[in-house]
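Step one of this worksheet: look at the structure below.
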Amino acid sequence: MNIFLNKICVNLRNLRTIKIVLMAFFMFFLCDCSRDKVRNVSNDAVVGIEDATHRVSTVENIEVDAISAATRLNSLPIFNGTLVIPPQRHATITLFMDGTVKNTSLLPGVYKRKGDLLATLENPEYIALQQTYIESLAQEEFLEAEYRRQEMLFRDDVSSKKIYQQSKADYFTMKSRREAAAAQLVMLGFDVSRIISSGIVPYLELRSPINGYVANVQANIGRYISAGNVVCDIIDKEITMLKLTIYEKDIDRIKFGDKIEFRVNGIVGQTFNATVVSLGQMVDNISRSIEVYATVIDKNRQFRPGMYVSAQVKAD
């Protein structure tokens, strides 16, 4: 009986030992899992902190760059000037000889094409000049034939040298007279071939030398216009330019080829672009400035020569 009880006690102790071992193993497993979770959570937290720090640094860099760009933009000088037309696109109509306006179709702002009639003028001197040309042309033909004849006679020792030289002088004198009359007629705007075929033209016709708009009209019917006085201007706005005033302290802030952004007084809320094509090489003694020209890239029908503009070089 005692032996049996002793076996039972030993078995019970073995069960308790096994139970304690199993509980210890289970607790160790739980602790190890907890440490892995804590380790993962810690790693995620570290990664999140690093990512947040990177984002804050990026935002700060963007803000610094924006502030730096704004500072550079605000430091760029503003240049004032006007819209102008290049000389090749601006024609001034003047007279080489006095005349009285007989008819005119001039009206400021009207568009004229090259060759369109602007006005007709009258003056007796126009008729006299054409008469001189026609007479000189006829005399030249006669004197040329006489000169050729005397040249042949002189070579054959039939005519004297004096007669030959006189015929030569008469011919070249009349030729130069005819050429001078023709040159004056062409300068006035007469077509000499038309004079030869149709006779004397009683009026001088003023025609537009370029395409463009009429401006600065100084003629009306019956008005006497002296030689050298302006009749009107023709401006072609196909190419518009900026004429800017740059003070010597800002000369290094602008250079050839720079892109310019400008605004025009009277055209609200719009900006336009231009490119610098010319820099003045002399500084004005009074204003201490130079003139800078830029070709306008954007076209606008509202542009008018003389309109005020404010411009600024585009920041890189």
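How things are named: the first chain in the structure tokens is A, the next is B, and so on; residues count from 1 in each chain; ligands count from 1 in the order shown.
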7 Å contact set for Gln218 in chain A, only C-alpha atoms, chain neighbours under 4 positions out, as a compact mmCIF listing (two decimals) with N, CA and C atoms, in the first residue's frame:
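That gives us out_9.txt:
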# COMPACT_ATOMS: atom_id res chain seq x y z
N VAL A 230 5.77 119.31 -94.50
CA VAL A 230 5.16 117.99 -94.37
C VAL A 230 3.71 118.03 -94.86
N VAL A 231 3.36 117.03 -95.66
CA VAL A 231 1.96 116.87 -96.09
C VAL A 231 1.23 115.94 -95.13
N CYS A 232 1.86 114.79 -94.80
CA CYS A 232 1.30 113.83 -93.86
C CYS A 232 2.35 112.78 -93.54
Exercise for review: Excluding Glu151 in chain A and residues on its chain fewer than 6 positions from it, collect all residues at most 12 Å away from it, counting only C-alpha atoms, and give them as number ranges by chain.
Suggested key: A: 144-145, 157-168
DSSP on the backbone: which residues in range 157-303 of chain A end up as strand (DSSP E)? Give the answer as a tab-separated table (two decimals) with N, CA and C atoms, in the first residue's frame.
chain	number	residue	atom	x	y	z
A	204	LEU	N	0.32	117.27	-110.03
A	204	LEU	CA	1.24	116.37	-109.35
A	204	LEU	C	0.44	115.43	-108.46
A	205	GLU	N	0.67	114.15	-108.60
A	205	GLU	CA	-0.04	113.15	-107.80
A	205	GLU	C	0.87	112.62	-106.70
A	206	LEU	N	0.46	112.77	-105.45
A	206	LEU	CA	1.20	112.23	-104.31
A	206	LEU	C	0.64	110.86	-103.97
A	207	ARG	N	1.52	109.86	-103.94
A	207	ARG	CA	1.10	108.49	-103.67
A	207	ARG	C	1.85	107.94	-102.46
A	212	GLY	N	0.28	101.53	-94.69
A	212	GLY	CA	0.20	102.05	-93.33
A	212	GLY	C	-0.98	102.97	-93.12
A	213	TYR	N	-1.01	103.54	-91.91
A	213	TYR	CA	-2.10	104.42	-91.51
A	213	TYR	C	-1.67	105.88	-91.65
A	214	VAL	N	-2.62	106.71	-92.07
A	214	VAL	CA	-2.36	108.14	-92.24
A	214	VAL	C	-2.31	108.82	-90.88
A	215	ALA	N	-1.36	109.71	-90.70
A	215	ALA	CA	-1.22	110.46	-89.45
A	215	ALA	C	-0.62	111.83	-89.76
A	224	TYR	N	-1.69	126.08	-99.69
A	224	TYR	CA	-0.41	126.20	-100.39
A	224	TYR	C	0.67	125.60	-99.49
A	225	ILE	N	1.39	124.63	-100.03
A	225	ILE	CA	2.42	123.94	-99.27
A	225	ILE	C	3.77	124.23	-99.89
A	230	VAL	N	5.77	119.31	-94.50
A	230	VAL	CA	5.16	117.99	-94.37
A	230	VAL	C	3.71	118.03	-94.86
A	231	VAL	N	3.36	117.03	-95.66
A	231	VAL	CA	1.96	116.87	-96.09
A	231	VAL	C	1.23	115.94	-95.13
A	232	CYS	N	1.86	114.79	-94.80
A	232	CYS	CA	1.30	113.83	-93.86
A	232	CYS	C	2.35	112.78	-93.54
A	233	ASP	N	2.03	111.88	-92.62
A	233	ASP	CA	2.87	110.74	-92.29
A	233	ASP	C	2.09	109.46	-92.57
A	234	ILE	N	2.83	108.42	-92.94
A	234	ILE	CA	2.26	107.09	-93.11
A	234	ILE	C	3.02	106.17	-92.16
A	235	ILE	N	2.31	105.52	-91.24
A	235	ILE	CA	2.97	104.64	-90.26
A	235	ILE	C	2.44	103.21	-90.43
A	241	MET	N	8.00	98.82	-81.64
A	241	MET	CA	9.17	98.71	-80.77
A	241	MET	C	8.95	99.51	-79.49
A	242	LEU	N	9.77	99.17	-78.48
A	242	LEU	CA	9.81	99.93	-77.25
A	242	LEU	C	11.05	100.82	-77.26
A	243	LYS	N	10.87	102.05	-76.84
A	243	LYS	CA	11.99	102.96	-76.64
A	243	LYS	C	12.05	103.25	-75.14
A	244	LEU	N	13.02	102.63	-74.44
A	244	LEU	CA	13.11	102.70	-73.00
A	244	LEU	C	14.25	103.62	-72.58
A	245	THR	N	14.06	104.29	-71.44
A	245	THR	CA	15.10	105.13	-70.85
A	245	THR	C	15.75	104.37	-69.71
A	246	ILE	N	17.05	104.12	-69.83
A	246	ILE	CA	17.80	103.37	-68.83
A	246	ILE	C	18.85	104.29	-68.21
A	247	TYR	N	18.79	104.47	-66.90
A	247	TYR	CA	19.78	105.32	-66.23
A	247	TYR	C	21.09	104.57	-66.05
A	259	LYS	N	14.84	89.21	-72.49
A	259	LYS	CA	13.38	89.18	-72.64
A	259	LYS	C	12.78	90.19	-71.67
A	260	ILE	N	11.82	90.97	-72.16
A	260	ILE	CA	11.22	92.04	-71.38
A	260	ILE	C	9.72	91.82	-71.30
A	261	GLU	N	9.18	92.09	-70.14
A	261	GLU	CA	7.73	92.08	-69.93
A	261	GLU	C	7.30	93.52	-69.66
A	262	PHE	N	6.25	93.99	-70.37
A	262	PHE	CA	5.86	95.39	-70.21
A	262	PHE	C	4.34	95.54	-70.19
A	263	ARG	N	3.94	96.67	-69.63
A	263	ARG	CA	2.53	97.06	-69.59
A	263	ARG	C	2.38	98.39	-70.32
A	264	VAL	N	1.20	98.59	-70.90
A	264	VAL	CA	0.92	99.79	-71.67
A	264	VAL	C	-0.18	100.59	-70.98
A	272	PHE	N	2.68	92.30	-71.98
A	272	PHE	CA	3.19	91.94	-73.30
A	272	PHE	C	4.69	91.66	-73.20
A	273	ASN	N	5.23	91.05	-74.25
A	273	ASN	CA	6.63	90.64	-74.25
A	273	ASN	C	7.39	91.31	-75.37
A	274	ALA	N	8.68	91.53	-75.13
A	274	ALA	CA	9.56	92.14	-76.13
A	274	ALA	C	10.97	91.60	-75.94
A	275	THR	N	11.83	91.85	-76.93
A	275	THR	CA	13.22	91.40	-76.90
A	275	THR	C	14.13	92.59	-77.19
A	276	VAL	N	15.16	92.77	-76.37
A	276	VAL	CA	16.10	93.88	-76.54
A	276	VAL	C	16.93	93.66	-77.80
A	277	VAL	N	16.96	94.67	-78.70
A	277	VAL	CA	17.70	94.55	-79.96
A	277	VAL	C	18.74	95.64	-80.13
A	278	SER	N	18.71	96.69	-79.29
A	278	SER	CA	19.66	97.78	-79.47
A	278	SER	C	19.89	98.48	-78.13
A	279	LEU	N	21.17	98.76	-77.83
A	279	LEU	CA	21.55	99.49	-76.62
A	279	LEU	C	22.30	100.74	-77.02
A	289	SER	N	21.31	109.06	-68.87
A	289	SER	CA	20.58	107.87	-69.29
A	289	SER	C	20.96	107.51	-70.72
A	290	ILE	N	20.58	106.31	-71.13
A	290	ILE	CA	20.76	105.86	-72.50
A	290	ILE	C	19.41	105.36	-73.02
A	291	GLU	N	19.32	105.22	-74.35
A	291	GLU	CA	18.10	104.71	-74.97
A	291	GLU	C	18.29	103.24	-75.33
A	292	VAL	N	17.31	102.43	-74.99
A	292	VAL	CA	17.32	101.01	-75.29
A	292	VAL	C	16.07	100.69	-76.13
A	293	TYR	N	16.28	99.95	-77.21
A	293	TYR	CA	15.16	99.59	-78.09
A	293	TYR	C	14.91	98.09	-78.01
A	294	ALA	N	13.63	97.73	-77.99
A	294	ALA	CA	13.23	96.32	-77.94
A	294	ALA	C	12.09	96.09	-78.93
A	295	THR	N	12.16	94.98	-79.63
A	295	THR	CA	11.11	94.63	-80.60
A	295	THR	C	9.97	93.92	-79.89
A	296	VAL	N	8.76	94.41	-80.10
A	296	VAL	CA	7.58	93.84	-79.45
A	296	VAL	C	7.23	92.52	-80.12
Review point. What's the 12 Å shell around range 124-131 of chain A, counting only C-alpha atoms, without same-chain residues fewer than 3 positions away, as a PyMOL selection string?
Key: chain A and resi 96-100+120-121+134-138+177-196+198-205
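By chain and then residue number, the residues within 8 Å of Pro305 in chain A are A:Thr82, A:Leu83, A:Val84, A:Ile85, counting only C-alpha atoms and disregarding those fewer than 4 positions away in sequence.
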Review point. So how many Å separate CA of Phe256 in chain A and CA of Ala91 in chain A, to one decimal?
Key: 27.5 Å
Practice item. Choose the residue, out of A:Pro87, A:Val217, A:Thr173, A:Arg155, that has the smallest atom-to-atom separation from Pro108 in chain A; count only C-alpha atoms. Key: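 Nearest candidate to Pro108 in chain A out of A:Pro87, A:Val217, A:Thr173, A:Arg155: A:Val217.
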Practice item. Determine the nearest neighbour of Val101 in chain A from the options A:Thr132, A:Asn285, A:Gln270, A:Asn220, counting only C-alpha atoms. Key: A:Asn220
Practice item. Find the residues near Ile78 in chain A: any atom within 10 Å, counting only C-alpha atoms, skip ones fewer than 2 places away on the same chain, and give them as a PyMOL selection string. Key: chain A and resi 74-76+80+246+250+262+310-313
Could you take the residues named above and write them with N, CA and C atoms, as an mmCIF file, in the first residue's frame?
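Below is the file that was written, part-v5.cif:
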data_model
loop_
_atom_site.group_PDB
_atom_site.id
_atom_site.type_symbol
_atom_site.label_atom_id
_atom_site.label_comp_id
_atom_site.auth_asym_id
_atom_site.auth_seq_id
_atom_site.Cartn_x
_atom_site.Cartn_y
_atom_site.Cartn_z
ATOM 1 N N ASN A 74 11.630 91.442 -56.982
ATOM 2 C CA ASN A 74 11.363 92.785 -56.496
ATOM 3 C C ASN A 74 12.555 93.709 -56.677
ATOM 4 N N SER A 75 13.770 93.130 -56.743
ATOM 5 C CA SER A 75 14.960 93.954 -56.891
ATOM 6 C C SER A 75 15.202 94.376 -58.328
ATOM 7 N N LEU A 76 14.482 93.773 -59.312
ATOM 8 C CA LEU A 76 14.666 94.149 -60.700
ATOM 9 C C LEU A 76 14.097 95.541 -60.945
ATOM 10 N N ASN A 80 10.900 102.938 -67.807
ATOM 11 C CA ASN A 80 9.798 103.640 -68.464
ATOM 12 C C ASN A 80 10.187 103.998 -69.896
ATOM 13 N N ILE A 246 17.050 104.121 -69.828
ATOM 14 C CA ILE A 246 17.804 103.366 -68.827
ATOM 15 C C ILE A 246 18.852 104.286 -68.213
ATOM 16 N N ASP A 250 21.743 101.593 -63.850
ATOM 17 C CA ASP A 250 21.094 100.318 -64.164
ATOM 18 C C ASP A 250 21.563 99.732 -65.488
ATOM 19 N N PHE A 262 6.254 93.989 -70.372
ATOM 20 C CA PHE A 262 5.864 95.390 -70.211
ATOM 21 C C PHE A 262 4.345 95.545 -70.194
ATOM 22 N N SER A 310 5.661 100.726 -69.102
ATOM 23 C CA SER A 310 6.585 100.416 -68.008
ATOM 24 C C SER A 310 7.042 98.976 -68.225
ATOM 25 N N ALA A 311 8.355 98.764 -68.198
ATOM 26 C CA ALA A 311 8.912 97.460 -68.561
ATOM 27 C C ALA A 311 9.865 96.967 -67.482
ATOM 28 N N GLN A 312 10.052 95.652 -67.482
ATOM 29 C CA GLN A 312 10.933 95.010 -66.529
ATOM 30 C C GLN A 312 11.561 93.782 -67.185
ATOM 31 N N VAL A 313 12.856 93.605 -66.970
ATOM 32 C CA VAL A 313 13.533 92.437 -67.519
ATOM 33 C C VAL A 313 13.014 91.191 -66.822
#
Check your understanding: Smallest atom-to-atom distance to Asn229 in chain A: which of A:Gln150, A:Ser176, A:Thr94, A:Asn300, using only C-alpha atoms?
Key ->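 Selected residue with least distance to Asn229 in chain A: A:Thr94.
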Check your understanding: Which of range 38-230 of chain A counts as helix (DSSP H, G or I) under DSSP, as number ranges by chain please?
Key -> A: 38-75, 87-89, 124-155, 161-188, 192-198
